[in-house]
>>> print(open('upload.pdb').read())   # PDB, C-alpha atoms
ATOM      1  CA  MET A   1     -12.788 -20.510   0.567
ATOM      2  CA  ASN A   2     -11.932 -22.290  -2.685
ATOM      3  CA  ASP A   3     -12.531 -20.405  -5.923
ATOM      4  CA  PRO A   4     -14.336 -22.748  -8.371
ATOM      5  CA  ARG A   5     -12.372 -21.198 -11.233
ATOM      6  CA  ILE A   6      -9.104 -22.600  -9.889
ATOM      7  CA  ASP A   7      -7.788 -26.154  -9.950
ATOM      8  CA  PHE A   8      -5.697 -25.794  -6.800
ATOM      9  CA  GLU A   9      -3.969 -29.153  -7.184
ATOM     10  CA  ALA A  10      -2.721 -28.170 -10.632
ATOM     11  CA  LEU A  11      -1.829 -24.691  -9.362
ATOM     12  CA  LYS A  12       0.203 -26.135  -6.472
ATOM     13  CA  ALA A  13       2.038 -28.484  -8.850
ATOM     14  CA  GLY A  14       2.903 -25.502 -11.031
ATOM     15  CA  LEU A  15       4.113 -23.474  -8.075
ATOM     16  CA  LYS A  16       6.298 -26.346  -6.899
ATOM     17  CA  SER A  17       7.800 -26.662 -10.364
ATOM     18  CA  THR A  18       8.412 -22.902 -10.495
ATOM     19  CA  TRP A  19      10.283 -22.785  -7.197
ATOM     20  CA  MET A  20      12.329 -25.833  -8.162
ATOM     21  CA  ALA A  21      13.402 -24.161 -11.421
ATOM     22  CA  GLY A  22      16.640 -22.239 -11.790
ATOM     23  CA  ASN A  23      19.189 -22.232  -8.987
ATOM     24  CA  TYR A  24      17.527 -20.654  -5.984
ATOM     25  CA  GLY A  25      20.499 -21.428  -3.766
ATOM     26  CA  GLN A  26      22.629 -19.073  -5.867
ATOM     27  CA  PHE A  27      19.916 -16.431  -5.793
ATOM     28  CA  ALA A  28      19.260 -16.732  -2.052
ATOM     29  CA  ARG A  29      22.867 -15.892  -1.158
ATOM     30  CA  TYR A  30      22.118 -12.243  -1.921
ATOM     31  CA  ASN A  31      19.158 -12.289   0.509
ATOM     32  CA  GLU A  32      21.173 -13.820   3.339
ATOM     33  CA  PRO A  33      22.249 -10.567   5.063
ATOM     34  CA  ALA A  34      18.624  -9.375   5.181
ATOM     35  CA  GLY A  35      17.625 -12.723   6.672
ATOM     36  CA  GLU A  36      20.292 -12.506   9.360
ATOM     37  CA  GLN A  37      19.117  -9.007  10.290
ATOM     38  CA  PHE A  38      15.504 -10.201  10.426
ATOM     39  CA  ILE A  39      16.400 -13.074  12.767
ATOM     40  CA  ALA A  40      18.573 -10.816  14.961
ATOM     41  CA  ARG A  41      15.443  -8.769  15.720
ATOM     42  CA  ARG A  42      13.626 -11.867  17.001
ATOM     43  CA  ALA A  43      15.716 -12.099  20.224
ATOM     44  CA  ILE A  44      16.012 -15.873  20.020
ATOM     45  CA  LYS A  45      16.883 -17.695  23.219
ATOM     46  CA  PRO A  46      18.670 -21.078  23.259
ATOM     47  CA  GLY A  47      16.212 -23.943  23.183
ATOM     48  CA  MET A  48      13.366 -22.073  21.482
ATOM     49  CA  HIS A  49      11.449 -24.200  18.973
ATOM     50  CA  ILE A  50      11.356 -22.324  15.662
ATOM     51  CA  LEU A  51       9.617 -23.036  12.353
ATOM     52  CA  ASP A  52      10.775 -21.430   9.093
ATOM     53  CA  VAL A  53       7.812 -21.634   6.685
ATOM     54  CA  ALA A  54       8.586 -21.740   2.951
ATOM     55  CA  CYS A  55      12.216 -21.884   3.990
ATOM     56  CA  GLY A  56      13.832 -22.327   0.576
ATOM     57  CA  THR A  57      17.484 -23.148   1.111
ATOM     58  CA  GLY A  58      17.237 -22.019   4.732
ATOM     59  CA  ASN A  59      18.491 -18.471   5.183
ATOM     60  CA  LEU A  60      16.319 -17.882   8.255
ATOM     61  CA  ALA A  61      16.690 -21.440   9.526
ATOM     62  CA  PHE A  62      20.483 -21.253   9.597
ATOM     63  CA  ALA A  63      20.529 -17.859  11.299
ATOM     64  CA  ALA A  64      18.046 -19.093  13.914
ATOM     65  CA  ALA A  65      20.036 -22.292  14.546
ATOM     66  CA  ARG A  66      23.255 -20.322  15.025
ATOM     67  CA  ALA A  67      21.384 -18.258  17.642
ATOM     68  CA  GLY A  68      20.611 -21.427  19.603
ATOM     69  CA  GLY A  69      17.146 -22.287  18.315
ATOM     70  CA  ILE A  70      15.822 -25.791  17.745
ATOM     71  CA  VAL A  71      14.869 -25.220  14.129
ATOM     72  CA  THR A  72      12.634 -26.853  11.550
ATOM     73  CA  GLY A  73      12.313 -25.625   7.973
ATOM     74  CA  VAL A  74       9.458 -26.579   5.647
ATOM     75  CA  ASP A  75       9.076 -26.005   1.903
ATOM     76  CA  ILE A  76       7.327 -27.467  -1.164
ATOM     77  CA  ALA A  77      10.521 -27.504  -3.282
ATOM     78  CA  THR A  78      12.365 -30.748  -2.600
ATOM     79  CA  ASN A  79      15.586 -29.724  -4.343
ATOM     80  CA  LEU A  80      15.893 -26.659  -2.127
ATOM     81  CA  LEU A  81      15.405 -28.825   0.954
ATOM     82  CA  GLU A  82      18.146 -31.207  -0.206
ATOM     83  CA  GLU A  83      20.494 -28.258  -0.686
ATOM     84  CA  ALA A  84      19.630 -26.995   2.801
ATOM     85  CA  ARG A  85      20.280 -30.422   4.340
ATOM     86  CA  GLU A  86      23.682 -30.650   2.676
ATOM     87  CA  ARG A  87      24.569 -27.180   3.882
ATOM     88  CA  ALA A  88      23.534 -28.079   7.431
ATOM     89  CA  LYS A  89      25.867 -31.074   7.337
ATOM     90  CA  LEU A  90      28.745 -28.936   6.122
ATOM     91  CA  GLU A  91      28.133 -26.349   8.832
ATOM     92  CA  GLY A  92      27.581 -28.941  11.558
ATOM     93  CA  LEU A  93      24.123 -27.621  12.404
ATOM     94  CA  SER A  94      21.204 -29.806  13.444
ATOM     95  CA  ILE A  95      18.217 -28.475  11.495
ATOM     96  CA  GLN A  96      15.210 -30.522  10.400
ATOM     97  CA  PHE A  97      14.055 -29.792   6.849
ATOM     98  CA  ASP A  98      10.628 -31.175   5.834
ATOM     99  CA  GLU A  99       8.638 -31.187   2.633
ATOM    100  CA  GLY A 100       5.334 -29.466   3.273
ATOM    101  CA  ASP A 101       2.784 -26.864   2.250
ATOM    102  CA  ALA A 102       2.315 -23.496   3.987
ATOM    103  CA  GLU A 103      -1.443 -23.982   3.607
ATOM    104  CA  ARG A 104      -1.358 -27.355   5.383
ATOM    105  CA  LEU A 105       1.625 -27.509   7.717
ATOM    106  CA  PRO A 106       2.538 -31.042   8.840
ATOM    107  CA  TYR A 107       2.832 -30.208  12.555
ATOM    108  CA  PRO A 108       0.529 -30.434  15.605
ATOM    109  CA  ASP A 109      -1.131 -27.376  17.103
ATOM    110  CA  GLU A 110       1.086 -25.094  19.206
ATOM    111  CA  SER A 111       4.346 -26.851  18.247
ATOM    112  CA  PHE A 112       6.602 -23.784  18.007
ATOM    113  CA  ASP A 113       7.631 -20.781  20.088
ATOM    114  CA  LEU A 114       8.420 -18.753  16.978
ATOM    115  CA  VAL A 115       7.059 -19.119  13.437
ATOM    116  CA  VAL A 116       8.866 -17.147  10.728
ATOM    117  CA  SER A 117       8.668 -16.695   6.969
ATOM    118  CA  MET A 118      10.695 -14.402   4.736
ATOM    119  CA  PHE A 119       9.581 -13.834   1.138
ATOM    120  CA  GLY A 120       8.075 -17.332   1.184
ATOM    121  CA  ALA A 121       4.626 -18.023   2.624
ATOM    122  CA  MET A 122       3.381 -14.870   0.902
ATOM    123  CA  PHE A 123       3.421 -16.765  -2.423
ATOM    124  CA  ALA A 124       0.971 -19.516  -1.391
ATOM    125  CA  PRO A 125      -2.284 -19.028  -3.332
ATOM    126  CA  ARG A 126      -4.768 -19.124  -0.420
ATOM    127  CA  PRO A 127      -3.627 -16.498   2.107
ATOM    128  CA  GLU A 128      -6.467 -17.168   4.547
ATOM    129  CA  ARG A 129      -5.233 -20.754   4.930
ATOM    130  CA  VAL A 130      -1.647 -19.608   5.363
ATOM    131  CA  ALA A 131      -2.660 -17.164   8.095
ATOM    132  CA  ALA A 132      -4.674 -19.843   9.919
ATOM    133  CA  GLU A 133      -1.780 -22.318   9.733
ATOM    134  CA  LEU A 134       0.833 -19.857  10.980
ATOM    135  CA  VAL A 135      -1.387 -19.160  13.977
ATOM    136  CA  ARG A 136      -2.308 -22.819  14.565
ATOM    137  CA  VAL A 137       1.255 -24.151  14.880
ATOM    138  CA  CYS A 138       2.427 -21.297  17.134
ATOM    139  CA  ARG A 139       2.085 -21.783  20.884
ATOM    140  CA  VAL A 140      -0.067 -19.401  22.895
ATOM    141  CA  GLY A 141       2.093 -16.387  23.714
ATOM    142  CA  GLY A 142       4.533 -17.272  20.951
ATOM    143  CA  GLN A 143       5.423 -15.033  18.039
ATOM    144  CA  ILE A 144       4.676 -15.078  14.336
ATOM    145  CA  ALA A 145       7.016 -12.968  12.190
ATOM    146  CA  MET A 146       6.935 -12.467   8.423
ATOM    147  CA  ALA A 147       8.880 -10.427   5.895
ATOM    148  CA  ASN A 148       6.703  -9.680   2.854
ATOM    149  CA  TRP A 149       7.510  -7.575  -0.211
ATOM    150  CA  THR A 150       5.337  -4.455  -0.414
ATOM    151  CA  PRO A 151       3.314  -3.678  -3.553
ATOM    152  CA  GLY A 152       5.117  -0.369  -4.112
ATOM    153  CA  GLY A 153       8.671  -1.477  -3.350
ATOM    154  CA  PHE A 154      11.319  -2.545  -5.846
ATOM    155  CA  THR A 155      10.430  -6.248  -5.826
ATOM    156  CA  GLY A 156       6.691  -5.644  -5.641
ATOM    157  CA  GLN A 157       6.985  -3.567  -8.804
ATOM    158  CA  VAL A 158       8.996  -6.328 -10.498
ATOM    159  CA  MET A 159       6.224  -8.780  -9.649
ATOM    160  CA  LYS A 160       3.566  -6.441 -11.024
ATOM    161  CA  MET A 161       5.598  -5.816 -14.177
ATOM    162  CA  THR A 162       6.065  -9.525 -14.782
ATOM    163  CA  SER A 163       2.352 -10.190 -14.279
ATOM    164  CA  THR A 164       1.557  -7.878 -17.209
ATOM    165  CA  TYR A 165       3.425 -10.324 -19.450
ATOM    166  CA  VAL A 166       2.407 -13.601 -17.786
ATOM    167  CA  ALA A 167      -1.012 -13.302 -16.175
ATOM    168  CA  PRO A 168      -1.507 -15.037 -12.810
ATOM    169  CA  PRO A 169      -4.226 -17.697 -12.524
ATOM    170  CA  PRO A 170      -7.723 -16.153 -12.423
ATOM    171  CA  GLY A 171      -9.084 -15.615  -8.944
ATOM    172  CA  THR A 172      -5.726 -15.682  -7.155
ATOM    173  CA  MET A 173      -4.578 -12.772  -5.026
ATOM    174  CA  PRO A 174      -1.351 -10.837  -5.714
ATOM    175  CA  PRO A 175       1.340 -12.118  -3.309
ATOM    176  CA  ALA A 176       2.399  -8.545  -2.498
ATOM    177  CA  LEU A 177      -0.895  -7.972  -0.691
ATOM    178  CA  TRP A 178       0.907  -9.660   2.222
ATOM    179  CA  GLY A 179       2.948  -6.443   2.208
ATOM    180  CA  ASP A 180      -0.132  -4.233   2.588
ATOM    181  CA  GLY A 181      -0.821  -3.320   6.204
ATOM    182  CA  ALA A 182      -4.611  -3.215   6.041
ATOM    183  CA  THR A 183      -4.737  -6.601   4.311
ATOM    184  CA  VAL A 184      -2.409  -8.175   6.863
ATOM    185  CA  ARG A 185      -4.469  -6.827   9.763
ATOM    186  CA  GLU A 186      -7.538  -8.503   8.306
ATOM    187  CA  ARG A 187      -5.759 -11.803   7.600
ATOM    188  CA  LEU A 188      -4.259 -12.067  11.090
ATOM    189  CA  ARG A 189      -7.276 -10.693  12.923
ATOM    190  CA  ASP A 190      -8.248 -14.083  14.333
ATOM    191  CA  GLY A 191      -5.970 -15.700  16.858
ATOM    192  CA  THR A 192      -3.346 -12.962  17.290
ATOM    193  CA  THR A 193      -2.755  -9.895  19.431
ATOM    194  CA  ASP A 194      -0.196  -7.106  19.565
ATOM    195  CA  LEU A 195       0.256  -6.934  15.793
ATOM    196  CA  LYS A 196       3.170  -4.708  14.766
ATOM    197  CA  LEU A 197       3.835  -3.668  11.172
ATOM    198  CA  THR A 198       7.159  -2.073  10.232
ATOM    199  CA  LEU A 199       8.504  -1.068   6.843
ATOM    200  CA  VAL A 200      12.083  -2.263   6.353
ATOM    201  CA  THR A 201      14.274  -1.332   3.401
ATOM    202  CA  PRO A 202      17.390  -3.506   3.116
ATOM    203  CA  SER A 203      19.977  -3.022   0.400
ATOM    204  CA  PHE A 204      20.919  -5.776  -2.060
ATOM    205  CA  THR A 205      24.225  -5.747  -3.917
ATOM    206  CA  HIS A 206      25.074  -7.748  -7.041
ATOM    207  CA  PRO A 207      28.672  -7.556  -8.381
ATOM    208  CA  LEU A 208      27.286  -7.407 -11.918
ATOM    209  CA  SER A 209      26.083  -4.798 -14.378
ATOM    210  CA  VAL A 210      22.363  -4.077 -14.555
ATOM    211  CA  ALA A 211      21.998  -6.189 -17.691
ATOM    212  CA  ASP A 212      23.920  -9.073 -16.147
ATOM    213  CA  THR A 213      21.907  -8.820 -12.920
ATOM    214  CA  VAL A 214      18.676  -9.169 -14.897
ATOM    215  CA  GLU A 215      20.212 -12.177 -16.650
ATOM    216  CA  PHE A 216      21.207 -13.599 -13.260
ATOM    217  CA  PHE A 217      17.551 -13.336 -12.174
ATOM    218  CA  ARG A 218      16.410 -14.948 -15.427
ATOM    219  CA  ILE A 219      18.715 -17.928 -14.986
ATOM    220  CA  ASN A 220      18.512 -18.486 -11.221
ATOM    221  CA  TYR A 221      15.220 -17.144  -9.852
ATOM    222  CA  GLY A 222      12.457 -19.641 -10.623
ATOM    223  CA  PRO A 223       9.551 -17.198 -11.109
ATOM    224  CA  THR A 224      11.599 -15.011 -13.473
ATOM    225  CA  GLN A 225      12.920 -18.015 -15.374
ATOM    226  CA  ARG A 226       9.418 -19.417 -15.808
ATOM    227  CA  ALA A 227       8.040 -16.054 -16.921
ATOM    228  CA  PHE A 228      10.643 -15.785 -19.673
ATOM    229  CA  SER A 229      10.191 -19.383 -20.791
ATOM    230  CA  ALA A 230       6.420 -18.838 -21.159
ATOM    231  CA  LEU A 231       6.876 -15.955 -23.611
ATOM    232  CA  PRO A 232       7.691 -15.796 -27.316
ATOM    233  CA  GLU A 233      11.051 -14.255 -28.207
ATOM    234  CA  ASP A 234       9.750 -10.748 -28.902
ATOM    235  CA  GLN A 235       7.937 -10.623 -25.558
ATOM    236  CA  GLN A 236      11.022 -11.964 -23.792
ATOM    237  CA  GLN A 237      13.030  -9.075 -25.187
ATOM    238  CA  ALA A 238      10.348  -6.583 -24.134
ATOM    239  CA  LEU A 239      10.280  -7.976 -20.592
ATOM    240  CA  ARG A 240      14.067  -7.871 -20.453
ATOM    241  CA  ARG A 241      14.061  -4.209 -21.515
ATOM    242  CA  ASP A 242      11.451  -3.332 -18.896
ATOM    243  CA  LEU A 243      13.382  -5.132 -16.157
ATOM    244  CA  GLU A 244      16.680  -3.523 -17.138
ATOM    245  CA  SER A 245      15.017  -0.098 -17.097
ATOM    246  CA  HIS A 246      13.561  -0.794 -13.647
ATOM    247  CA  PHE A 247      16.869  -2.044 -12.225
ATOM    248  CA  ALA A 248      18.705   0.934 -13.731
ATOM    249  CA  ARG A 249      16.213   3.387 -12.230
ATOM    250  CA  TYR A 250      16.766   1.961  -8.734
ATOM    251  CA  ASN A 251      20.489   1.299  -9.064
ATOM    252  CA  GLN A 252      22.516   3.204  -6.461
ATOM    253  CA  ALA A 253      25.925   1.891  -7.530
ATOM    254  CA  THR A 254      28.274   4.074  -9.550
ATOM    255  CA  ASP A 255      31.002   1.517 -10.271
ATOM    256  CA  GLY A 256      29.280  -0.619 -12.894
ATOM    257  CA  THR A 257      27.693  -3.000 -10.383
ATOM    258  CA  THR A 258      24.096  -3.114  -9.186
ATOM    259  CA  GLN A 259      22.839  -2.072  -5.756
ATOM    260  CA  PHE A 260      19.213  -1.411  -4.926
ATOM    261  CA  GLU A 261      16.919  -1.111  -1.931
ATOM    262  CA  SER A 262      13.784  -3.239  -1.794
ATOM    263  CA  GLU A 263      11.120  -2.476   0.768
ATOM    264  CA  TYR A 264       9.310  -5.166   2.730
ATOM    265  CA  LEU A 265       6.719  -5.171   5.493
ATOM    266  CA  GLU A 266       7.862  -6.816   8.716
ATOM    267  CA  VAL A 267       4.842  -8.409  10.359
ATOM    268  CA  VAL A 268       5.111  -9.442  14.017
ATOM    269  CA  ALA A 269       2.161 -10.833  15.988
ATOM    270  CA  THR A 270       1.626 -12.715  19.244
ATOM    271  CA  ARG A 271      -0.486 -15.863  19.286
ATOM    272  CA  ALA A 272      -3.572 -15.150  21.369
ATOM    273  CA  ARG A 273      -4.883 -17.471  24.067
ATOM    274  CA  GLN A 274      -8.176 -17.820  22.232
ATOM    275  CA  PRO A 275      -9.117 -16.874  18.658
ATOM    276  CA  GLN A 276     -10.354 -13.310  18.646
TER     277      GLN A 276
END
>>> encode(input="upload.pdb", output="structure tokens")
Amino acid sequence: MNDPRIDFEALKAGLKSTWMAGNYGQFARYNEPAGEQFIARRAIKPGMHILDVACGTGNLAFAAARAGGIVTGVDIATNLLEEARERAKLEGLSIQFDEGDAERLPYPDESFDLVVSMFGAMFAPRPERVAAELVRVCRVGGQIAMANWTPGGFTGQVMKMTSTYVAPPPGTMPPALWGDGATVRERLRDGTTDLKLTLVTPSFTHPLSVADTVEFFRINYGPTQRAFSALPEDQQQALRRDLESHFARYNQATDGTTQFESEYLEVVATRARQPQ
């Protein structure tokens, strides 16, 4: 249901601009091992039709294609799709990358055997529409699998911290609620069965100091870049200090680099024959 306080067209344009900012391809390289592990758990068989929703530069799509899937990736950020297409050419992989919205996927009902999203669809502003679309495009008996940052994990806390400096649009839901089990059960109640929720805690390593890792996020990760650019200089410095303190608190490396664990909720559901 639309919230009358929100101009969703303007909000979507802003979200698209945010995800196109920075250099997400550089950033996504550090998420690639977690994506490969996520896809390895899906037991993909050659010839399966797979959709990667909010695919970014295609971490899941490439892993699924290497496993033999017939893969489509969809995202709102056109520059990320172009980067993914170029990478597919270089790797000799046949993957279709389409511009599209997780709240209104441009595919017929029951088009895919497996629908996946990692740290992507969770950011769309109307989660009830996302849930309905993930279910709609999955064939009966097929699988829907998501990886969503939890509210209390490392990245969920970064998101909460940033929102204290740059408030989200009124009436929108925190993306990390997709990492809350009770919320996910409610959102996927209709049209799915056999819902399994598993906490996963991968490790992320950056060959940089804590301060330089925060700067890497500021330059390359669109949401962080946009948060900084929206703030006056004194608030930028305060946010930087808070982020550096957070990264330092979680840092497990002892050699001057940065290594942290960031918890996500793995959501796996089967498309039901009829909506429940």
>>> resolve_selection(input="upload.pdb", expression="the PyMOL selection byres ((chain A and resi 143) around 9)", output="list in words")
Arg42, Phe112, Asp113, Leu114, Val115, Val116, Val135, Cys138, Arg139, Val140, Gly141, Gly142, Ile144, Ala145, Val268, Ala269, Thr270 and Arg271 of chain A
>>> axis_aligned_box(input="upload.pdb", around="region 191-201 of chain A", padding_each_side="8 Å", output="AutoDock Vina command-line options")
--center_x 4.2 --center_y -8.4 --center_z 11.5 --size_x 36.2 --size_y 30.6 --size_z 32.2
>>> atom_distance(input="upload.pdb", atom1="CA of Thr254 (chain A)", atom2="CA of Pro33 (chain A)")
21.5 Å
>>> closest_residue(input="upload.pdb", among="A:Ala28, A:Ile76, A:Ala182, A:Leu188", to="Arg129 (chain A)", atoms="all atoms listed in the file")
A:Leu188
>>> closest_residue(input="upload.pdb", among="A:Ile95, A:Glu36, A:His49, A:Tyr24", to="Leu80 (chain A)", atoms="all atoms listed in the file")
A:Tyr24
>>> residues_around(input="upload.pdb", residues="Phe27 (chain A)", least_positions_apart="4", cutoff="10 Å", atoms="only C-alpha atoms", output="list in words")
Gly22, Asn23, Asn31, Glu32, Thr57, Phe216, Phe217, Ile219, Asn220, Tyr221 and Gly222 of chain A
>>> residues_around(input="upload.pdb", residues="Pro125 (chain A)", least_positions_apart="5", cutoff="9 Å", atoms="all atoms listed in the file", output="number ranges by chain")
A: 8, 11-12, 103, 130, 172-175
>>> closest_residue(input="upload.pdb", among="A:Glu82, A:Tyr30, A:Ser17, A:Val267", to="Thr193 (chain A)", atoms="only C-alpha atoms")
A:Val267
>>> closest_residue(input="upload.pdb", among="A:Ala176, A:Ala227, A:Ala102, A:Leu93", to="Leu51 (chain A)", atoms="all atoms listed in the file")
A:Ala102
>>> closest_residue(input="upload.pdb", among="A:Asn79, A:Asn148, A:Thr258, A:Ser94", to="Val200 (chain A)", atoms="all atoms listed in the file")
A:Asn148
>>> residues_near_point(input="upload.pdb", point="(20.7, -20.1, 19.9)", cutoff="9 Å", atoms="only C-alpha atoms", output="list in words")
Ile44, Lys45, Pro46, Gly47, Met48, Ala63, Ala64, Ala65, Arg66, Ala67, Gly68, Gly69 and Ile70 of chain A
>>> resolve_selection(input="upload.pdb", expression="the PyMOL selection byres ((chain A and resi 53-55) around 6)", output="PyMOL selection string")
chain A and resi 52+56+58+73-75+117+120-121
>>> atom_distance(input="upload.pdb", atom1="CA of Ala21 (chain A)", atom2="CA of Met161 (chain A)")
20.1 Å
>>> residues_around(input="upload.pdb", residues="region 241-245 of chain A", least_positions_apart="2", cutoff="12 Å", atoms="only C-alpha atoms", output="number ranges by chain")
A: 154-155, 157-162, 164-165, 209-218, 224, 228, 234-239, 247-251, 258
>>> closest_residue(input="upload.pdb", among="A:Ser163, A:Phe119, A:Leu134, A:Pro170", to="Glu263 (chain A)", atoms="only C-alpha atoms")
A:Phe119
